[in-house]
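Before any comments, here is the structure.
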Amino acid sequence: MKRTLLAVVLVTGAFVAVFLGTRFGTVHLSTSEFIAALFGGGTEMHRNILFELRLPRVFLGLLVGGGLALAGSVFQALLRNPLAEPFILGISGGAAAGAVLVIALGLVAAGSVVLPAAAFAGALLAILLVFGVAAAADRRLDVRVLLLAGVVVGSFFTAVIAFILSLSEARAVRTAIVWMMGSLYGADWSNVAVVAGYTLPAALVLLGLARALNLMAVGEETAAYLGADVEKVKRVAYIVASLMTAAGVAVAGVIGFVGLIVPHGIRLLVGSDQRILLPLSFLAGAAFLCLADLLARVVLAPIEIPIGVITAFLGVPLFLVLLRRSMTG
Amino acid sequence: MIRTPLPMKPSPLLSRVSTLGRVAALGTFIAMGFVGCSAPDEASSSRSDPGDGAGESSEPLETPLGPGAFPLTIKDASGSSLVFQLPPTKIVSLVPSATRTLQALGAQRLLVGRTEYDTASALAYLPSVGGGLEPSLETLVALEPDLVIRFAGESDLSTPSRLDDLGVRHLAIRLDRIADVRSLIGDLGALTGSEGRAEELVAEMDATLHEIRERVKGRPRVRVAYILGGNPPWVAGPGTFIDELLTAAGGENAFSDLAALYGAVSPEEFLVREIDLFLAPEDGGVSLPSSGSPLVRVSPGLELPGPDLAEAAWHLAGLLHPEVFR
């Protein structure tokens, strides 16, 4: 009952977030202007604001936020570690190293796909390195080794970034830092399409693993007795969640807190049945990031606040309230 | 004449500048004609006006290219050629130097927006689009500009492609050297139909620089470290207009061997390079070695390349060689 209620609230929340993110921005549109532009009328400028600026950001926010929260849930279950989040296994480090490298080399001017492509390549490299190390240690994939390998590879990439930045020009350093803070500023329909192409199939695959992840929470051996192909589940979960994260990072940079706080918040509300937790995390992450982006755009308009600031300022107090409630209740 | 008078500057110079200016005007006029504007048919594969008909691009070479000649082609710092059939009427400049230049050209009426960095009270009536990098695109689009002037290069990766998607024309500028400032003044002068004023500004700038060079001629060169701020401190290297201004003002950039335009250096370098003078921003929070060299603080005006550049050089020369600028 509580679960159904929460599901209804979150679906409604996602629609409200989409509406608010489209309705409001730094430019005030009257209700009639908004409705006219929405149905293809009104001035070209108003249509541009809705269809070229607001809607791509709203959809990118939904996809990236949902993807990060879902990946966070999966990593927490897979690694059986409450500190796990999408970036814990070095993906953000790899993506940032790729991005910083092309920025420092001045290659980014060649086209708007260069930076996302390099970030995605860096993330892939990190995924392969971590997986390679963890798989080489043992034929069975030991999640503790996976976690260690991820943290070590992540630290290595952080050092690579520091090295590249120390040799870079001021302009490149600024660009790199802004990129690493994460933003939906560059959202356009082409990167919405690319992220959707990764996130939606990946989300379906991960939701399909929910039952197996439930079994694994009891213990890998028990899960195997109960008929789960534990090795396959671990590998698929790791690779698919990582690819989904990599696609989001490539276009939006490293947006923190969503992947850590949203899954925990949902777990505090509905418990840790992955069949409920995974879809609700996706919904909540999507609505949350979409709203956070709206606030990032309008709070100090026309200046944009880094979205990571909003996710932290909103997410942390909300999370603490939930945590306190679960302790006392 | 829109000039900020500096207390150091003797007023008779102003009149001398205008006389010298006429002499220099011819040279800069010629330079501007060829640096700033090129023949329209050079831009075959370029962004062009929405109203650019098919016949117009095959305009013969003989099209007169005098002051005020439209269509006008400007090759910007990103390598794109922009063809202007008509002068722009609503400009948003994301680059404070360009904003300042438009003001000095008497073309402020064309501005429909400003950035948070344009703090001059004369611009306060304009709506702000946020920062010069990654401005609020919504606010920008709502101003319906027919030209956006933006920073070239990798500082802001998304804005150029988003402006393309939105059908807003944009001109990229890069200001590394004094020559870039000259061509900026020339380009914006041609675009806004104020070529005459642009020639005057460039002539005045060159005349002031010439006067400074004359005064410091034969004086011992002062070794200067120009610090932009930060810890470890960032200094200006070769190929920057700061380096050029230091040289013009009778100084010598102690970091003229830096591998980048601007770079962070170890404080040890300050000790071994026999620096006579440190120039640092007022609020840069830079900790310098107490090696006996005097630290002089300069106003941040030196970091805004634009029509006031010669004034800044004059101020700088006064710091380096007070004996000849008293």
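Simple scheme: letters A, B, ... for chains in structure tokens order, numbers from 1 for residues in each chain, numbers from 1 for ligands in the order shown.
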Write out as a tab-separated table the residues of chain A that have any atom within 8 Å of an atom of chain B, one row each with the nearest atom pair and its distance in Å to one decimal, counting only C-alpha atoms, sorted by chain and then rising number.
residue	atom	partner	partner_atom	distance
A:Gly25	CA	B:Glu138	CA	7.5
A:Thr26	CA	B:Thr139	CA	6.1
A:Val27	CA	B:Thr139	CA	5.7
A:Met45	CA	B:Ala142	CA	6.5
A:His46	CA	B:Ala142	CA	7.7
A:Asn48	CA	B:Leu166	CA	6.6
A:Ile49	CA	B:Glu138	CA	5.9
A:Glu52	CA	B:Leu166	CA	7.1
A:Leu53	CA	B:Glu138	CA	6.9
A:Ile103	CA	B:Glu154	CA	7.0
A:Gly106	CA	B:Glu154	CA	6.8
A:Val108	CA	B:Glu154	CA	6.5
A:Ala109	CA	B:Glu154	CA	6.1
A:Ser112	CA	B:Ser161	CA	6.9
A:Ser166	CA	B:Ala264	CA	7.8
A:Ser168	CA	B:Gly263	CA	7.6
A:Glu169	CA	B:Tyr262	CA	6.2
A:Ala170	CA	B:Tyr262	CA	6.5
A:Arg171	CA	B:Ser155	CA	5.5
A:Ala172	CA	B:Ser155	CA	6.5
A:Arg174	CA	B:Ser155	CA	7.0
A:Thr175	CA	B:Ser155	CA	5.3
A:Tyr185	CA	B:Ser158	CA	7.4
A:Gly186	CA	B:Ser158	CA	5.0
A:Asp188	CA	B:Arg162	CA	7.6
A:Arg297	CA	B:Ser136	CA	8.0
A:Ala301	CA	B:Gly130	CA	7.2
A:Pro302	CA	B:Gly130	CA	4.6
A:Ile303	CA	B:Gly130	CA	4.5
A:Glu304	CA	B:Ser136	CA	7.2
Extract, using only C-alpha atoms, all DNA, RNA and protein residues at most 6 Å from region 175-190 of chain B, discarding same-chain residues fewer than 2 positions from it, and format them as a PyMOL selection string.
chain B and resi 32+36+192-195+198+240-241+306
One-decimal distance in Å that lies between CA of Pro307 (chain B) and CA of Ala104 (chain B)
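Computing the Euclidean distance for CA of Ala104 (chain B) and CA of Pro307 (chain B) yields 7.1 Å.
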For region 76-89 of chain A, work out the shell of residues within 6 Å, counting only C-alpha atoms and skipping chain neighbours fewer than 3 positions away, then give it as a list in words.
Ala71, Gly72, Ser73, Ser92, Val143, Gly150, Val151, Gly259 and Leu260 of chain A
Those selected residues, please, written with N, CA and C atoms and delivered as a CSV table (one decimal), in the first residue's frame.
chain,number,residue,atom,x,y,z
A,71,ALA,N,21.7,3.4,-11.2
A,71,ALA,CA,23.1,2.8,-11.1
A,71,ALA,C,23.5,2.8,-9.6
A,72,GLY,N,23.3,3.8,-8.9
A,72,GLY,CA,23.6,3.9,-7.5
A,72,GLY,C,23.0,2.7,-6.7
A,73,SER,N,21.7,2.5,-6.9
A,73,SER,CA,21.0,1.4,-6.3
A,73,SER,C,21.7,0.0,-6.6
A,92,SER,N,33.9,8.2,-13.0
A,92,SER,CA,34.0,9.6,-13.1
A,92,SER,C,35.5,10.0,-13.3
A,143,VAL,N,33.4,-9.2,-5.3
A,143,VAL,CA,33.0,-7.8,-5.3
A,143,VAL,C,33.9,-6.9,-4.4
A,150,GLY,N,38.3,-0.5,-8.2
A,150,GLY,CA,37.6,0.7,-8.7
A,150,GLY,C,38.2,1.9,-8.0
A,151,VAL,N,38.4,1.8,-6.7
A,151,VAL,CA,38.9,3.0,-5.9
A,151,VAL,C,40.3,3.3,-6.3
A,259,GLY,N,23.2,9.8,-7.1
A,259,GLY,CA,23.4,8.3,-7.1
A,259,GLY,C,23.6,7.8,-5.7
A,260,LEU,N,23.9,8.6,-4.7
A,260,LEU,CA,24.1,8.1,-3.4
A,260,LEU,C,22.8,8.3,-2.6
Enumerate as an MDAnalysis selection string all residues of region 33-245 of chain B assigned to strand (DSSP E) by DSSP on the backbone, naming them with the chain letters and numbers the document uses.
chainID B and resid 37:38 72:75 81:84 91:93 111:113 147:151 170:173 222:229 234:236
Would you give me, as a ChimeraX atom specification, the residues in region 93-179 of chain B that DSSP reads as helix (DSSP H, G or I)?
/B:96-104,108-110,121-123,137-142,159-165,178-179
Using only C-alpha atoms, can you tell me which of A:Gly248, A:Phe156, A:Ile164, A:Lys234 comes closest to Ala134 (chain A)?
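Looking only at the distances to Ala134 (chain A), the closest residue turns out to be A:Lys234.
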Non-local contacts of Ala248 (chain B) (12 Å; only C-alpha atoms; under 4 positions in same chain excluded) as a ChimeraX atom specification
/B:178,206,208-217,219,221-222,241-244,252-253,309-310,312-318,320-321
Keeping only C-alpha atoms, write those residues as an mmCIF file, in the first residue's frame.
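Saved as result33.cif:
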data_model
loop_
_atom_site.group_PDB
_atom_site.id
_atom_site.type_symbol
_atom_site.label_atom_id
_atom_site.label_comp_id
_atom_site.auth_asym_id
_atom_site.auth_seq_id
_atom_site.Cartn_x
_atom_site.Cartn_y
_atom_site.Cartn_z
ATOM 1 C CA ILE B 178 47.831 44.368 -29.029
ATOM 2 C CA ASP B 206 49.295 53.874 -31.349
ATOM 3 C CA THR B 208 50.229 56.974 -26.949
ATOM 4 C CA LEU B 209 52.238 53.767 -27.270
ATOM 5 C CA HIS B 210 54.698 55.612 -29.513
ATOM 6 C CA GLU B 211 55.012 58.425 -27.008
ATOM 7 C CA ILE B 212 55.679 55.918 -24.217
ATOM 8 C CA ARG B 213 58.346 54.143 -26.254
ATOM 9 C CA GLU B 214 60.019 57.476 -26.982
ATOM 10 C CA ARG B 215 60.110 58.411 -23.311
ATOM 11 C CA VAL B 216 61.563 55.117 -22.099
ATOM 12 C CA LYS B 217 64.063 54.841 -24.942
ATOM 13 C CA ARG B 219 66.376 53.835 -20.006
ATOM 14 C CA ARG B 221 64.927 47.905 -18.648
ATOM 15 C CA VAL B 222 63.064 46.940 -15.494
ATOM 16 C CA PHE B 241 49.394 41.715 -24.597
ATOM 17 C CA ILE B 242 50.671 42.086 -21.035
ATOM 18 C CA ASP B 243 54.113 40.997 -22.245
ATOM 19 C CA GLU B 244 53.855 43.478 -25.105
ATOM 20 C CA GLU B 252 61.194 43.267 -19.572
ATOM 21 C CA ASN B 253 58.979 40.290 -18.774
ATOM 22 C CA LEU B 309 44.995 49.652 -23.417
ATOM 23 C CA ALA B 310 47.285 52.580 -24.158
ATOM 24 C CA ALA B 312 47.002 51.194 -19.081
ATOM 25 C CA ALA B 313 50.417 51.151 -20.748
ATOM 26 C CA TRP B 314 50.894 54.777 -19.737
ATOM 27 C CA HIS B 315 50.049 53.910 -16.151
ATOM 28 C CA LEU B 316 52.392 50.928 -16.302
ATOM 29 C CA ALA B 317 55.256 52.964 -17.734
ATOM 30 C CA GLY B 318 54.765 55.421 -14.890
ATOM 31 C CA LEU B 320 58.376 51.309 -14.179
ATOM 32 C CA HIS B 321 59.985 54.657 -14.967
#
Set the distance at 12 Å and use only C-alpha atoms: which residues neighbour Leu278 (chain A) once local chain neighbours fewer than 5 positions away are removed? I'd like the list as a ChimeraX atom specification.
/A:7,66-77,203-211,213-214,241,259,262-264,266-267,270-273,283-285
Shell around Arg235 (chain A) at 10 Å using only C-alpha atoms, local window under 5 positions removed, as a list in words:
Leu78, Phe131, Ala135, Arg140, Leu141, Val230, Val240 and Ala241 of chain A
Take the residues from that selection and write them out as a CSV table (one decimal), in the first residue's frame, keeping N, CA and C atoms.
chain,number,residue,atom,x,y,z
A,78,LEU,N,25.1,-4.6,-5.5
A,78,LEU,CA,26.1,-5.5,-6.0
A,78,LEU,C,27.3,-5.6,-5.1
A,131,PHE,N,37.5,-3.9,-14.4
A,131,PHE,CA,37.0,-5.3,-14.6
A,131,PHE,C,38.1,-6.2,-14.8
A,135,ALA,N,38.8,-9.3,-12.5
A,135,ALA,CA,38.6,-10.7,-13.1
A,135,ALA,C,39.9,-11.4,-13.1
A,140,ARG,N,36.1,-16.2,-10.2
A,140,ARG,CA,34.9,-15.7,-9.7
A,140,ARG,C,35.1,-14.2,-9.5
A,141,LEU,N,34.1,-13.4,-9.8
A,141,LEU,CA,34.3,-12.0,-9.6
A,141,LEU,C,34.0,-11.7,-8.2
A,230,VAL,N,24.9,-16.4,-10.3
A,230,VAL,CA,25.5,-15.3,-9.6
A,230,VAL,C,26.6,-14.6,-10.4
A,240,VAL,N,26.6,-3.1,-17.3
A,240,VAL,CA,25.4,-2.3,-17.8
A,240,VAL,C,25.3,-1.0,-17.0
A,241,ALA,N,25.4,-1.1,-15.6
A,241,ALA,CA,25.2,0.1,-14.8
A,241,ALA,C,26.4,1.0,-15.1
Shell around Ala119 (chain A) at 12 Å using only C-alpha atoms, local window under 3 positions removed, as a ChimeraX atom specification:
/A:91-103,108,113-116,122-126,176,179-180,243,245-254
Expected file: the selected residues, C-alpha atoms, as a PDB file, in the first residue's frame:
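Wrote it out as selection_36.pdb, contents follow:
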ATOM      1  CA  ILE A  91      34.068   5.943 -13.886  1.00  0.00           C
ATOM      2  CA  SER A  92      34.028   9.631 -13.053  1.00  0.00           C
ATOM      3  CA  GLY A  93      37.832   9.666 -12.859  1.00  0.00           C
ATOM      4  CA  GLY A  94      38.196   7.965 -16.230  1.00  0.00           C
ATOM      5  CA  ALA A  95      35.602  10.195 -17.881  1.00  0.00           C
ATOM      6  CA  ALA A  96      37.123  13.342 -16.399  1.00  0.00           C
ATOM      7  CA  ALA A  97      40.632  12.299 -17.452  1.00  0.00           C
ATOM      8  CA  GLY A  98      39.410  11.801 -21.019  1.00  0.00           C
ATOM      9  CA  ALA A  99      37.610  15.136 -20.998  1.00  0.00           C
ATOM     10  CA  VAL A 100      40.494  17.040 -19.434  1.00  0.00           C
ATOM     11  CA  LEU A 101      42.948  15.541 -21.913  1.00  0.00           C
ATOM     12  CA  VAL A 102      41.070  16.766 -24.996  1.00  0.00           C
ATOM     13  CA  ILE A 103      40.442  20.132 -23.344  1.00  0.00           C
ATOM     14  CA  VAL A 108      37.592  20.333 -28.246  1.00  0.00           C
ATOM     15  CA  VAL A 113      31.015  15.683 -30.034  1.00  0.00           C
ATOM     16  CA  VAL A 114      34.736  15.546 -29.224  1.00  0.00           C
ATOM     17  CA  LEU A 115      34.368  16.160 -25.497  1.00  0.00           C
ATOM     18  CA  PRO A 116      31.534  13.683 -24.808  1.00  0.00           C
ATOM     19  CA  GLY A 122      37.836   7.534 -20.638  1.00  0.00           C
ATOM     20  CA  ALA A 123      34.943   5.981 -18.723  1.00  0.00           C
ATOM     21  CA  LEU A 124      35.148   2.830 -20.856  1.00  0.00           C
ATOM     22  CA  LEU A 125      38.871   2.599 -20.179  1.00  0.00           C
ATOM     23  CA  ALA A 126      38.236   2.851 -16.448  1.00  0.00           C
ATOM     24  CA  ALA A 176      37.984  21.399 -17.104  1.00  0.00           C
ATOM     25  CA  TRP A 179      33.063  20.332 -16.739  1.00  0.00           C
ATOM     26  CA  MET A 180      33.972  18.309 -13.672  1.00  0.00           C
ATOM     27  CA  LEU A 243      27.841   1.995 -19.344  1.00  0.00           C
ATOM     28  CA  THR A 245      26.706   6.011 -15.926  1.00  0.00           C
ATOM     29  CA  ALA A 246      29.367   6.608 -18.575  1.00  0.00           C
ATOM     30  CA  ALA A 247      26.783   7.920 -21.059  1.00  0.00           C
ATOM     31  CA  GLY A 248      25.389  10.337 -18.471  1.00  0.00           C
ATOM     32  CA  VAL A 249      28.815  11.542 -17.376  1.00  0.00           C
ATOM     33  CA  ALA A 250      29.916  12.065 -20.974  1.00  0.00           C
ATOM     34  CA  VAL A 251      27.250  14.710 -21.629  1.00  0.00           C
ATOM     35  CA  ALA A 252      26.576  16.160 -18.177  1.00  0.00           C
ATOM     36  CA  GLY A 253      29.865  15.776 -16.292  1.00  0.00           C
ATOM     37  CA  VAL A 254      30.084  14.496 -12.744  1.00  0.00           C
TER      38      VAL A 254
END
